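For reference, final_15.cif (mmCIF, C-alpha atoms):
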```cif
data_model
#
loop_
_atom_site.label_atom_id
_atom_site.label_comp_id
_atom_site.auth_asym_id
_atom_site.auth_seq_id
_atom_site.Cartn_x
_atom_site.Cartn_y
_atom_site.Cartn_z
CA MET A 1 0.00 0.00 0.00
CA LYS A 2 1.12 3.56 -0.56
CA LYS A 3 0.43 5.94 2.30
CA ASP A 4 -2.15 8.27 0.94
CA SER A 5 -5.21 8.63 3.15
CA ARG A 6 -3.71 6.26 5.78
CA LEU A 7 -7.21 4.82 6.13
CA ILE A 8 -8.45 1.25 5.63
CA LEU A 9 -12.18 0.57 5.41
CA ALA A 10 -13.41 -2.44 7.39
CA LEU A 11 -16.32 -3.45 5.19
CA ASP A 12 -18.30 -4.96 8.06
CA VAL A 13 -21.62 -5.63 6.37
CA THR A 14 -23.10 -8.98 5.36
CA SER A 15 -25.03 -8.06 2.21
CA SER A 16 -23.02 -8.40 -0.99
CA ASP A 17 -24.92 -5.62 -2.79
CA ARG A 18 -24.52 -3.20 0.08
CA ALA A 19 -20.85 -4.13 0.43
CA ILE A 20 -20.08 -3.43 -3.21
CA SER A 21 -22.11 -0.23 -3.27
CA LEU A 22 -20.40 1.10 -0.11
CA ALA A 23 -16.98 0.06 -1.37
CA ARG A 24 -17.48 1.90 -4.68
CA SER A 25 -18.87 4.98 -3.00
CA LEU A 26 -16.11 5.23 -0.37
CA ASN A 27 -13.15 3.80 -2.29
CA GLU A 28 -11.55 7.17 -3.08
CA TYR A 29 -10.97 7.87 0.63
CA PHE A 30 -9.29 4.56 1.50
CA ASP A 31 -5.96 2.91 0.71
CA ALA A 32 -7.47 -0.56 1.11
CA ILE A 33 -10.71 -2.32 1.95
CA LYS A 34 -10.70 -5.03 4.62
CA ILE A 35 -13.14 -7.91 4.14
CA GLY A 36 -13.84 -10.55 6.79
CA TYR A 37 -15.61 -13.87 7.11
CA PRO A 38 -19.13 -12.59 7.87
CA LEU A 39 -19.31 -11.02 4.40
CA ILE A 40 -17.50 -13.89 2.67
CA LEU A 41 -19.79 -16.48 4.30
CA SER A 42 -22.88 -14.66 3.10
CA SER A 43 -21.57 -13.70 -0.34
CA GLY A 44 -18.84 -16.17 -1.28
CA LEU A 45 -15.45 -15.23 -2.68
CA ASP A 46 -17.13 -13.38 -5.55
CA VAL A 47 -17.31 -10.30 -3.34
CA VAL A 48 -13.51 -10.43 -2.99
CA ARG A 49 -13.14 -10.77 -6.77
CA GLU A 50 -15.49 -7.86 -7.44
CA ILE A 51 -13.98 -5.41 -4.94
CA SER A 52 -10.42 -6.41 -5.86
CA SER A 53 -11.19 -5.17 -9.37
CA PHE A 54 -11.18 -1.56 -8.15
CA SER A 55 -9.47 -1.57 -4.73
CA GLN A 56 -6.72 -3.29 -2.76
CA VAL A 57 -8.51 -5.91 -0.63
CA ILE A 58 -7.12 -7.13 2.70
CA ALA A 59 -8.72 -10.47 3.58
CA ASP A 60 -9.16 -10.36 7.33
CA LEU A 61 -9.50 -14.10 7.88
CA LYS A 62 -7.42 -14.22 11.08
CA VAL A 63 -6.10 -17.52 9.77
CA ALA A 64 -5.37 -19.80 12.74
CA ASP A 65 -5.08 -23.44 11.75
CA ILE A 66 -2.46 -26.12 11.07
CA PRO A 67 -0.01 -25.35 8.23
CA ASN A 68 -1.77 -27.43 5.56
CA THR A 69 -5.18 -25.86 6.23
CA ASN A 70 -3.69 -22.37 6.48
CA ARG A 71 -2.14 -22.82 3.06
CA LEU A 72 -5.47 -23.90 1.53
CA ILE A 73 -7.32 -20.94 3.08
CA CYS A 74 -4.70 -18.44 1.90
CA GLU A 75 -4.62 -19.93 -1.60
CA ALA A 76 -8.41 -19.62 -1.92
CA VAL A 77 -8.67 -15.98 -0.95
CA LEU A 78 -5.51 -14.77 -2.69
CA SER A 79 -6.54 -16.53 -5.91
CA ALA A 80 -9.78 -14.55 -5.67
CA GLY A 81 -7.74 -11.35 -5.88
CA ALA A 82 -7.02 -10.22 -2.31
CA GLY A 83 -3.77 -8.25 -2.14
CA GLY A 84 -3.36 -8.64 1.61
CA LEU A 85 -4.14 -11.23 4.27
CA ILE A 86 -4.43 -11.12 8.06
CA ALA A 87 -3.26 -14.18 10.00
CA HIS A 88 -2.81 -15.09 13.65
CA ALA A 89 0.66 -16.00 14.89
CA PHE A 90 -0.22 -17.78 18.14
CA THR A 91 -0.60 -21.06 16.23
CA GLY A 92 3.19 -20.98 15.91
CA ARG A 93 5.92 -20.51 13.38
CA ASP A 94 5.08 -23.38 10.99
CA SER A 95 1.46 -22.26 10.65
CA LEU A 96 2.45 -18.63 10.09
CA GLU A 97 5.14 -19.64 7.60
CA ALA A 98 2.54 -21.53 5.57
CA CYS A 99 0.65 -18.22 5.24
CA ALA A 100 3.82 -16.24 4.52
CA ASP A 101 4.87 -18.65 1.76
CA CYS A 102 1.48 -18.54 0.06
CA VAL A 103 1.24 -14.75 0.36
CA GLY A 104 4.76 -14.48 -1.12
CA GLU A 105 3.83 -16.67 -4.10
CA HIS A 106 0.95 -14.30 -4.83
CA GLY A 107 3.00 -11.11 -4.36
CA ALA A 108 0.56 -10.08 -1.63
CA ASP A 109 1.09 -8.60 1.85
CA LEU A 110 0.86 -10.56 5.11
CA TYR A 111 -0.31 -8.78 8.26
CA VAL A 112 0.06 -10.62 11.55
CA VAL A 113 -2.20 -10.10 14.57
CA THR A 114 -0.19 -9.14 17.66
CA GLU A 115 -2.93 -7.91 19.96
CA MET A 116 -6.58 -7.15 19.33
CA SER A 117 -8.87 -4.23 20.09
CA HIS A 118 -11.41 -5.95 22.36
CA PRO A 119 -11.08 -6.37 26.16
CA GLY A 120 -10.58 -10.17 25.98
CA SER A 121 -7.35 -9.64 24.08
CA ARG A 122 -5.68 -8.71 27.38
CA GLN A 123 -6.19 -12.23 28.75
CA PHE A 124 -3.85 -14.36 26.64
CA MET A 125 -2.68 -12.25 23.71
CA ALA A 126 -1.36 -9.06 25.34
CA PRO A 127 1.28 -10.93 27.42
CA LEU A 128 2.52 -12.55 24.19
CA ALA A 129 2.19 -9.53 21.89
CA LEU A 130 5.93 -8.85 21.61
CA ASP A 131 6.68 -12.51 20.87
CA LEU A 132 3.96 -12.54 18.22
CA ALA A 133 5.37 -9.34 16.71
CA ARG A 134 8.89 -10.81 16.64
CA LEU A 135 7.55 -13.90 14.88
CA ALA A 136 5.92 -11.62 12.31
CA ALA A 137 9.33 -10.08 11.64
CA GLN A 138 10.98 -13.53 11.47
CA VAL A 139 8.65 -14.68 8.68
CA ASP A 140 9.17 -11.31 6.97
CA ALA A 141 5.54 -10.22 7.15
CA ALA A 142 4.68 -6.88 5.55
CA GLY A 143 3.21 -5.72 8.83
CA VAL A 144 1.20 -6.35 11.96
CA VAL A 145 -2.19 -5.53 13.41
CA ALA A 146 -2.13 -3.63 16.72
CA PRO A 147 -5.00 -2.02 18.65
CA ALA A 148 -5.88 1.67 18.36
CA THR A 149 -7.80 1.18 21.61
CA ARG A 150 -4.43 0.91 23.42
CA PRO A 151 -1.95 3.31 21.75
CA GLU A 152 0.79 2.54 24.31
CA ARG A 153 0.77 -1.02 22.98
CA ILE A 154 1.30 0.25 19.44
CA SER A 155 4.51 1.98 20.56
CA LEU A 156 5.69 -1.18 22.31
CA ILE A 157 4.94 -3.39 19.31
CA ARG A 158 6.70 -0.88 17.01
CA SER A 159 9.87 -1.54 19.02
CA ALA A 160 9.79 -5.21 17.95
CA ILE A 161 9.15 -4.82 14.21
CA GLY A 162 11.28 -1.91 12.98
CA SER A 163 9.87 -0.26 9.88
CA ARG A 164 7.19 -2.84 9.08
CA THR A 165 3.67 -1.52 8.59
CA ILE A 166 1.25 -1.27 11.54
CA ILE A 167 -2.45 -1.34 10.71
CA SER A 168 -4.67 -0.44 13.61
CA PRO A 169 -8.35 -1.26 14.27
CA GLY A 170 -10.58 -0.05 17.08
CA VAL A 171 -11.16 3.57 16.08
CA GLY A 172 -14.78 4.74 16.29
CA ALA A 173 -17.30 2.18 17.54
CA GLN A 174 -14.69 0.59 19.82
CA GLY A 175 -13.51 3.92 21.23
CA GLY A 176 -9.97 4.34 19.85
CA SER A 177 -8.65 7.67 18.54
CA ALA A 178 -7.12 7.82 15.06
CA ARG A 179 -4.82 10.71 15.98
CA GLU A 180 -3.47 8.93 19.09
CA ALA A 181 -2.92 5.69 17.20
CA LEU A 182 -0.96 7.49 14.46
CA ASP A 183 1.08 9.41 17.04
CA ALA A 184 1.88 6.09 18.75
CA GLY A 185 3.29 4.72 15.49
CA ALA A 186 0.42 3.24 13.49
CA ASP A 187 0.74 3.58 9.71
CA TYR A 188 -2.90 2.93 8.82
CA ILE A 189 -6.14 3.32 10.73
CA ILE A 190 -8.89 0.78 10.19
CA VAL A 191 -12.44 2.11 10.51
CA GLY A 192 -15.66 0.20 9.98
CA ARG A 193 -18.90 0.47 11.88
CA SER A 194 -18.56 4.19 12.68
CA VAL A 195 -18.31 4.97 8.95
CA LEU A 196 -20.83 2.42 7.73
CA GLN A 197 -23.46 3.44 10.28
CA ALA A 198 -22.95 7.19 9.82
CA GLU A 199 -25.88 9.10 8.38
CA ASP A 200 -23.54 10.46 5.71
CA PRO A 201 -20.54 8.07 5.45
CA ARG A 202 -18.59 10.28 3.03
CA ALA A 203 -18.98 13.34 5.27
CA TYR A 204 -17.94 11.24 8.28
CA VAL A 205 -14.76 10.10 6.51
CA LYS A 206 -13.88 13.66 5.48
CA GLY A 207 -14.21 14.71 9.12
CA LEU A 208 -12.00 11.83 10.21
CA LEU A 209 -9.37 12.71 7.62
CA SER A 210 -9.21 16.29 8.83
CA GLN A 211 -8.79 15.08 12.45
CA MET A 212 -5.92 12.91 11.27
CA ARG A 213 -4.01 15.75 9.63
CA MET B 214 -23.26 -36.59 19.73
CA LYS B 215 -23.89 -40.11 20.93
CA LYS B 216 -20.82 -42.28 21.25
CA ASP B 217 -21.26 -44.87 18.59
CA SER B 218 -18.25 -45.26 16.33
CA ARG B 219 -16.29 -42.59 18.29
CA LEU B 220 -15.04 -41.36 14.94
CA ILE B 221 -15.39 -37.93 13.32
CA LEU B 222 -14.57 -37.49 9.64
CA ALA B 223 -12.50 -34.41 8.77
CA LEU B 224 -13.85 -33.76 5.28
CA ASP B 225 -10.64 -32.15 4.08
CA VAL B 226 -11.35 -31.82 0.37
CA THR B 227 -12.11 -28.67 -1.61
CA SER B 228 -14.52 -29.96 -4.25
CA SER B 229 -18.17 -29.76 -3.24
CA ASP B 230 -19.17 -32.77 -5.35
CA ARG B 231 -16.39 -34.93 -3.98
CA ALA B 232 -17.17 -33.76 -0.42
CA ILE B 233 -20.84 -34.70 -0.66
CA SER B 234 -20.11 -38.00 -2.36
CA LEU B 235 -17.50 -38.96 0.27
CA ALA B 236 -19.75 -37.82 3.11
CA ARG B 237 -22.65 -39.96 1.85
CA SER B 238 -20.46 -42.98 1.24
CA LEU B 239 -18.70 -42.84 4.63
CA ASN B 240 -21.47 -41.39 6.81
CA GLU B 241 -22.48 -44.71 8.40
CA TYR B 242 -19.05 -45.06 10.06
CA PHE B 243 -18.90 -41.60 11.63
CA ASP B 244 -20.70 -39.81 14.46
CA ALA B 245 -20.10 -36.42 12.84
CA ILE B 246 -18.48 -34.80 9.82
CA LYS B 247 -16.09 -31.91 10.36
CA ILE B 248 -16.04 -29.22 7.67
CA GLY B 249 -13.47 -26.42 7.52
CA TYR B 250 -12.86 -23.20 5.65
CA PRO B 251 -11.04 -24.62 2.59
CA LEU B 252 -14.22 -26.49 1.58
CA ILE B 253 -16.57 -23.66 2.59
CA LEU B 254 -14.52 -21.09 0.66
CA SER B 255 -14.67 -23.19 -2.50
CA SER B 256 -18.29 -24.33 -2.13
CA GLY B 257 -20.10 -21.78 0.02
CA LEU B 258 -22.35 -22.65 2.96
CA ASP B 259 -24.51 -24.82 0.68
CA VAL B 260 -22.16 -27.70 1.39
CA VAL B 261 -22.91 -27.33 5.12
CA ARG B 262 -26.66 -27.28 4.38
CA GLU B 263 -26.44 -30.36 2.18
CA ILE B 264 -24.33 -32.50 4.52
CA SER B 265 -26.29 -31.36 7.60
CA SER B 266 -29.36 -32.93 5.98
CA PHE B 267 -27.97 -36.41 6.62
CA SER B 268 -25.18 -36.02 9.22
CA GLN B 269 -24.19 -33.98 12.24
CA VAL B 270 -21.79 -31.32 10.93
CA ILE B 271 -19.08 -29.75 13.08
CA ALA B 272 -17.99 -26.45 11.53
CA ASP B 273 -14.27 -26.28 12.15
CA LEU B 274 -13.87 -22.54 11.69
CA LYS B 275 -11.40 -22.03 14.56
CA VAL B 276 -13.24 -18.78 15.18
CA ALA B 277 -10.75 -16.21 16.51
CA ASP B 278 -12.00 -12.67 16.22
CA ILE B 279 -13.56 -9.89 18.33
CA PRO B 280 -16.93 -10.74 19.94
CA ASN B 281 -19.11 -9.01 17.35
CA THR B 282 -17.40 -10.71 14.40
CA ASN B 283 -17.38 -14.08 16.18
CA ARG B 284 -21.12 -13.82 16.66
CA LEU B 285 -21.70 -13.07 12.96
CA ILE B 286 -19.51 -15.99 11.87
CA CYS B 287 -21.24 -18.42 14.26
CA GLU B 288 -24.69 -17.23 13.23
CA ALA B 289 -23.90 -17.77 9.55
CA VAL B 290 -22.66 -21.34 9.87
CA LEU B 291 -25.17 -22.49 12.50
CA SER B 292 -28.04 -21.06 10.47
CA ALA B 293 -26.79 -23.21 7.60
CA GLY B 294 -27.37 -26.28 9.76
CA ALA B 295 -24.09 -27.07 11.53
CA GLY B 296 -24.72 -28.82 14.86
CA GLY B 297 -21.29 -28.12 16.26
CA LEU B 298 -18.67 -25.36 16.04
CA ILE B 299 -14.96 -25.19 16.83
CA ALA B 300 -13.63 -21.90 18.24
CA HIS B 301 -10.32 -20.68 19.61
CA ALA B 302 -10.16 -19.46 23.21
CA PHE B 303 -6.92 -17.49 23.15
CA THR B 304 -8.82 -14.41 21.97
CA GLY B 305 -10.22 -14.26 25.50
CA ARG B 306 -13.38 -14.77 27.45
CA ASP B 307 -15.62 -12.18 25.74
CA SER B 308 -14.83 -13.52 22.29
CA LEU B 309 -15.44 -17.12 23.36
CA GLU B 310 -18.65 -16.16 25.17
CA ALA B 311 -19.96 -14.60 21.95
CA CYS B 312 -19.54 -18.04 20.33
CA ALA B 313 -21.01 -19.87 23.33
CA ASP B 314 -24.09 -17.63 23.35
CA CYS B 315 -24.75 -18.09 19.65
CA VAL B 316 -24.16 -21.85 19.82
CA GLY B 317 -26.56 -22.02 22.78
CA GLU B 318 -29.28 -20.15 20.87
CA HIS B 319 -29.02 -22.74 18.11
CA GLY B 320 -28.95 -25.74 20.47
CA ALA B 321 -25.59 -26.69 18.99
CA ASP B 322 -22.30 -27.85 20.59
CA LEU B 323 -19.25 -25.66 21.12
CA TYR B 324 -15.79 -27.24 21.01
CA VAL B 325 -12.87 -25.12 22.15
CA VAL B 326 -9.31 -25.54 20.87
CA THR B 327 -6.86 -26.11 23.72
CA GLU B 328 -3.82 -27.31 21.86
CA MET B 329 -3.33 -28.34 18.26
CA SER B 330 -1.79 -31.32 16.51
CA HIS B 331 1.02 -29.59 14.58
CA PRO B 332 4.54 -28.84 15.93
CA GLY B 333 3.98 -25.04 16.04
CA SER B 334 1.29 -25.53 18.64
CA ARG B 335 4.02 -26.08 21.24
CA GLN B 336 5.27 -22.50 20.85
CA PHE B 337 2.44 -20.40 22.32
CA MET B 338 -0.57 -22.68 22.79
CA ALA B 339 0.82 -25.63 24.77
CA PRO B 340 1.94 -23.45 27.72
CA LEU B 341 -1.61 -22.02 27.87
CA ALA B 342 -3.52 -25.23 27.16
CA LEU B 343 -4.81 -25.71 30.72
CA ASP B 344 -5.97 -22.08 30.94
CA LEU B 345 -7.73 -22.42 27.58
CA ALA B 346 -9.37 -25.65 28.78
CA ARG B 347 -10.54 -23.97 32.00
CA LEU B 348 -12.01 -21.13 29.98
CA ALA B 349 -13.88 -23.70 27.88
CA ALA B 350 -15.39 -25.08 31.09
CA GLN B 351 -16.25 -21.56 32.33
CA VAL B 352 -18.31 -20.79 29.23
CA ASP B 353 -19.89 -24.25 29.53
CA ALA B 354 -18.62 -25.55 26.20
CA ALA B 355 -19.69 -29.05 25.19
CA GLY B 356 -16.07 -30.02 24.80
CA VAL B 357 -12.54 -29.26 23.71
CA VAL B 358 -10.16 -30.16 20.93
CA ALA B 359 -6.89 -31.78 22.07
CA PRO B 360 -4.12 -33.39 19.98
CA ALA B 361 -3.93 -37.14 19.36
CA THR B 362 -0.30 -36.52 18.40
CA ARG B 363 0.45 -35.90 22.11
CA PRO B 364 -1.70 -38.26 24.20
CA GLU B 365 -0.08 -37.12 27.48
CA ARG B 366 -1.57 -33.69 26.79
CA ILE B 367 -5.03 -35.21 26.42
CA SER B 368 -4.76 -36.64 29.95
CA LEU B 369 -3.63 -33.30 31.32
CA ILE B 370 -6.42 -31.39 29.58
CA ARG B 371 -8.95 -33.96 30.81
CA SER B 372 -7.99 -32.94 34.36
CA ALA B 373 -9.21 -29.39 33.69
CA ILE B 374 -12.57 -30.12 32.07
CA GLY B 375 -14.19 -32.96 33.99
CA SER B 376 -16.62 -34.95 31.91
CA ARG B 377 -16.79 -32.63 28.92
CA THR B 378 -16.17 -34.19 25.52
CA ILE B 379 -12.66 -34.35 24.04
CA ILE B 380 -12.41 -34.56 20.28
CA SER B 381 -8.94 -35.36 19.03
CA PRO B 382 -7.31 -34.71 15.62
CA GLY B 383 -3.90 -35.81 14.37
CA VAL B 384 -4.48 -39.53 13.83
CA GLY B 385 -3.20 -40.91 10.53
CA ALA B 386 -1.43 -38.41 8.26
CA GLN B 387 -0.08 -36.48 11.26
CA GLY B 388 1.12 -39.62 13.06
CA GLY B 389 -1.17 -39.93 16.10
CA SER B 390 -2.59 -43.28 17.26
CA ALA B 391 -6.35 -43.61 17.76
CA ARG B 392 -5.95 -46.26 20.46
CA GLU B 393 -3.48 -44.17 22.46
CA ALA B 394 -5.64 -41.06 22.20
CA LEU B 395 -8.70 -42.96 23.48
CA ASP B 396 -6.69 -44.54 26.29
CA ALA B 397 -5.50 -41.05 27.27
CA GLY B 398 -9.09 -39.87 27.59
CA ALA B 399 -10.28 -38.73 24.17
CA ASP B 400 -13.98 -39.36 23.44
CA TYR B 401 -13.82 -38.99 19.66
CA ILE B 402 -11.04 -39.43 17.13
CA ILE B 403 -10.93 -37.10 14.13
CA VAL B 404 -9.52 -38.63 10.94
CA GLY B 405 -9.24 -36.97 7.56
CA ARG B 406 -6.49 -37.26 5.02
CA SER B 407 -5.59 -40.90 5.87
CA VAL B 408 -9.19 -41.95 5.12
CA LEU B 409 -9.79 -39.67 2.16
CA GLN B 410 -6.54 -40.63 0.45
CA ALA B 411 -6.92 -44.37 1.12
CA GLU B 412 -7.32 -46.57 -1.95
CA ASP B 413 -10.48 -47.98 -0.34
CA PRO B 414 -11.71 -45.45 2.25
CA ARG B 415 -14.46 -47.73 3.63
CA ALA B 416 -12.02 -50.62 4.14
CA TYR B 417 -9.56 -48.22 5.79
CA VAL B 418 -12.22 -47.04 8.25
CA LYS B 419 -13.25 -50.60 9.09
CA GLY B 420 -9.61 -51.39 9.89
CA LEU B 421 -9.36 -48.30 12.06
CA LEU B 422 -12.54 -49.21 13.93
CA SER B 423 -11.21 -52.68 14.72
CA GLN B 424 -7.95 -51.16 16.03
CA MET B 425 -10.02 -48.90 18.28
CA ARG B 426 -11.99 -51.77 19.87
#
```

Give the structure from this file in structure tokens form.
Amino acid sequence: MKKDSRLILALDVTSSDRAISLARSLNEYFDAIKIGYPLILSSGLDVVREISSFSQVIADLKVADIPNTNRLICEAVLSAGAGGLIAHAFTGRDSLEACADCVGEHGADLYVVTEMSHPGSRQFMAPLALDLARLAAQVDAAGVVAPATRPERISLIRSAIGSRTIISPGVGAQGGSAREALDAGADYIIVGRSVLQAEDPRAYVKGLLSQMR
Amino acid sequence: MKKDSRLILALDVTSSDRAISLARSLNEYFDAIKIGYPLILSSGLDVVREISSFSQVIADLKVADIPNTNRLICEAVLSAGAGGLIAHAFTGRDSLEACADCVGEHGADLYVVTEMSHPGSRQFMAPLALDLARLAAQVDAAGVVAPATRPERISLIRSAIGSRTIISPGVGAQGGSAREALDAGADYIIVGRSVLQAEDPRAYVKGLLSQMR
């Protein structure tokens, strides 16, 4: 991704028509569009194919299986056109390497989850976040996912990954601040529900962009 | 599930036609059929609907997201007819509870991953396996997933979950022994590639069942 708006749209809707219409209408404001399983389960991989035709798609599958299954999952979504993929690292090096290899074959970007934006992430993931970030660097991932809801954790995770990209969810509906996340070292802010549920999504994004400047 | 054959088929193929044909042909030997993302990504949820019409389906989605996304994923696959769901616990209590609540609403069974069958599982998951198993008990999951490749871990995990069900992958292609996993406390053995790639899958299963007796 090139840093332009520094914004990624989390396309958290489950209707294919609404997803494609929102993606087209908001595309100009975002560097990438993140698509997860709820939309893919309702719409199939066709929605990834369609949106990949006009935007960079990051497939947020939080891949977390044994190496062979991880490889099959990555192959399916990258063949459908996704240019980025989000995977978990807590399943260990061999599982993450299976994702990294597949992503590499497709010339796509791998983003590794270090810590998440919800409260439960403190229980098992936060104590391991630096180890997970180091593993991301070891498999030469393009970047990591770190929570905008806890900017101090972004700074800490930055210390383990050098210049790799940090993409950061949790702004808006979950309470994180875009400005604070960027100041803490995030490269891209991921926004979803707050945009999609706004009365005027385009106006909301323009407001967010001016806060970020 | 009722304990009958004590076998679960991991339907690890990516062609919908082949999946349905294998499921029909082998159904009589298995208490449930486990379906994962590689097949669902290639075939859509229709394959879950179809196979649920004649077998118990366990959706092996290893759900591992924030609570809201977990709920949407669970709702999609349980609405398609799955009677069981596999989720990760390392994302924390709130995320796992979102799965447990949705599974409860559908009268389905939740199975929680404690430790996995591949080598990488030793890195971050094995040290937490007992905590993950305890969390499974706290959310009143039907059972847990524990690796047949390491029977001593099944015994240990059994100590944390009382009489809940243990389903155990890793037999066959990954090297685990069905007999040893059952002796260590597993209730069900999950087999996939070794059956599906056998020259005569039905004969292979009959041999496996006689070893298990």

Hits from the PyMOL selection byres ((chain A) within 10 of (chain B)), listed as number ranges by chain: A: 12-14, 36-45, 60-77, 88-96, 115-126, 128, 131-132

Using the file's own x, y and z axes, what box holds all listed atoms of range 143-157 of chain A with 6 Å on each side, keeping edges along x, y and z, and what are its centre and edge lengths in Å to one decimal, as JSON?
```
{"center_x": -1.1, "center_y": -1.5, "center_z": 16.6, "size_x": 25.5, "size_y": 21.7, "size_z": 27.5}
```

Expanded to explicit residues, what is the PyMOL selection byres ((chain A and resi 83) around 7) for this file, as a CSV table (one decimal) with C-alpha atoms, in the coordinates of the input?
```
chain,number,residue,atom,x,y,z
A,56,GLN,CA,-6.7,-3.3,-2.8
A,57,VAL,CA,-8.5,-5.9,-0.6
A,58,ILE,CA,-7.1,-7.1,2.7
A,78,LEU,CA,-5.5,-14.8,-2.7
A,81,GLY,CA,-7.7,-11.4,-5.9
A,82,ALA,CA,-7.0,-10.2,-2.3
A,84,GLY,CA,-3.4,-8.6,1.6
A,108,ALA,CA,0.6,-10.1,-1.6
A,109,ASP,CA,1.1,-8.6,1.8
```

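Separating CA of Phe30 in chain A from CA of Ile189 in chain A is a distance of 9.8 Å.
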
Residues within 10 Å of Asp187 in chain A, all atoms listed in the file, excluding chain neighbours under 4 positions, as an MDAnalysis selection string: chainID A and resid 3 6:7 143 163:168 181:183

As a list of chain:residue names, please: the residues near Ala361 in chain B (cut-off 10 Å, only C-alpha atoms, same-chain neighbours under 3 positions excluded). B:Met329, B:Ser330, B:Val358, B:Pro364, B:Glu365, B:Arg366, B:Ile367, B:Ile380, B:Ser381, B:Pro382, B:Gly383, B:Val384, B:Gly385, B:Gln387, B:Gly388, B:Gly389, B:Ser390, B:Ala391, B:Arg392, B:Glu393, B:Ala394, B:Leu395, B:Ala397, B:Ala399, B:Ile402, B:Ile403

Figure out the distance between CA of Ile33 in chain A and CA of Ser55 in chain A, please, to one decimal in Å. 6.8 Å

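From CA of Thr362 in chain B back to CA of Met214 in chain B, the distance works out to 23.0 Å.
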
Find the spatial neighbours of range 413-420 of chain B, counting all atoms listed in the file, within a cut-off of 10 Å - ignore same-chain residues fewer than 2 positions away - and output them as a list in words. Leu220, Leu222, Leu235, Ser238, Leu239, Asn240, Glu241, Tyr242, Phe243, Val404, Ser407, Val408, Leu409, Gln410, Ala411, Leu422, Ser423, Gln424 and Met425 of chain B

What would the selection look like, as an MDAnalysis selection string, if the PyMOL selection byres ((chain B and resi 374) around 8) were run on the coordinates I just shared? chainID B and resid 346:347 349:350 370:373 375:377

Need a file for range 99-113 of chain A from that block: N, CA and C atoms, written as a PDB file, in the first residue's frame.
```
ATOM      1  N   CYS A  99       1.310 -19.428   5.765  1.00  0.00           N
ATOM      2  CA  CYS A  99       0.649 -18.219   5.236  1.00  0.00           C
ATOM      3  C   CYS A  99       1.658 -17.343   4.492  1.00  0.00           C
ATOM      4  N   ALA A 100       2.810 -17.123   5.114  1.00  0.00           N
ATOM      5  CA  ALA A 100       3.817 -16.235   4.517  1.00  0.00           C
ATOM      6  C   ALA A 100       4.249 -16.758   3.154  1.00  0.00           C
ATOM      7  N   ASP A 101       4.446 -18.073   3.036  1.00  0.00           N
ATOM      8  CA  ASP A 101       4.873 -18.655   1.757  1.00  0.00           C
ATOM      9  C   ASP A 101       3.810 -18.427   0.685  1.00  0.00           C
ATOM     10  N   CYS A 102       2.561 -18.671   1.037  1.00  0.00           N
ATOM     11  CA  CYS A 102       1.480 -18.537   0.064  1.00  0.00           C
ATOM     12  C   CYS A 102       1.306 -17.075  -0.352  1.00  0.00           C
ATOM     13  N   VAL A 103       1.354 -16.185   0.636  1.00  0.00           N
ATOM     14  CA  VAL A 103       1.244 -14.754   0.362  1.00  0.00           C
ATOM     15  C   VAL A 103       2.388 -14.307  -0.557  1.00  0.00           C
ATOM     16  N   GLY A 104       3.596 -14.814  -0.288  1.00  0.00           N
ATOM     17  CA  GLY A 104       4.756 -14.480  -1.116  1.00  0.00           C
ATOM     18  C   GLY A 104       4.568 -14.935  -2.561  1.00  0.00           C
ATOM     19  N   GLU A 105       4.042 -16.151  -2.729  1.00  0.00           N
ATOM     20  CA  GLU A 105       3.825 -16.673  -4.095  1.00  0.00           C
ATOM     21  C   GLU A 105       2.856 -15.785  -4.877  1.00  0.00           C
ATOM     22  N   HIS A 106       1.936 -15.143  -4.158  1.00  0.00           N
ATOM     23  CA  HIS A 106       0.947 -14.300  -4.831  1.00  0.00           C
ATOM     24  C   HIS A 106       1.378 -12.831  -4.894  1.00  0.00           C
ATOM     25  N   GLY A 107       2.569 -12.512  -4.385  1.00  0.00           N
ATOM     26  CA  GLY A 107       2.998 -11.111  -4.365  1.00  0.00           C
ATOM     27  C   GLY A 107       2.092 -10.232  -3.517  1.00  0.00           C
ATOM     28  N   ALA A 108       1.484 -10.821  -2.499  1.00  0.00           N
ATOM     29  CA  ALA A 108       0.558 -10.081  -1.633  1.00  0.00           C
ATOM     30  C   ALA A 108       1.260  -9.705  -0.320  1.00  0.00           C
ATOM     31  N   ASP A 109       0.530  -9.046   0.575  1.00  0.00           N
ATOM     32  CA  ASP A 109       1.088  -8.600   1.854  1.00  0.00           C
ATOM     33  C   ASP A 109       0.482  -9.395   3.007  1.00  0.00           C
ATOM     34  N   LEU A 110       1.331  -9.854   3.912  1.00  0.00           N
ATOM     35  CA  LEU A 110       0.857 -10.564   5.107  1.00  0.00           C
ATOM     36  C   LEU A 110       0.887  -9.621   6.312  1.00  0.00           C
ATOM     37  N   TYR A 111      -0.239  -9.543   7.006  1.00  0.00           N
ATOM     38  CA  TYR A 111      -0.315  -8.782   8.258  1.00  0.00           C
ATOM     39  C   TYR A 111      -0.615  -9.761   9.387  1.00  0.00           C
ATOM     40  N   VAL A 112       0.146  -9.657  10.462  1.00  0.00           N
ATOM     41  CA  VAL A 112       0.063 -10.624  11.553  1.00  0.00           C
ATOM     42  C   VAL A 112      -0.565  -9.966  12.778  1.00  0.00           C
ATOM     43  N   VAL A 113      -1.543 -10.626  13.372  1.00  0.00           N
ATOM     44  CA  VAL A 113      -2.198 -10.095  14.569  1.00  0.00           C
ATOM     45  C   VAL A 113      -1.248 -10.214  15.758  1.00  0.00           C
TER      46      VAL A 113
END
```
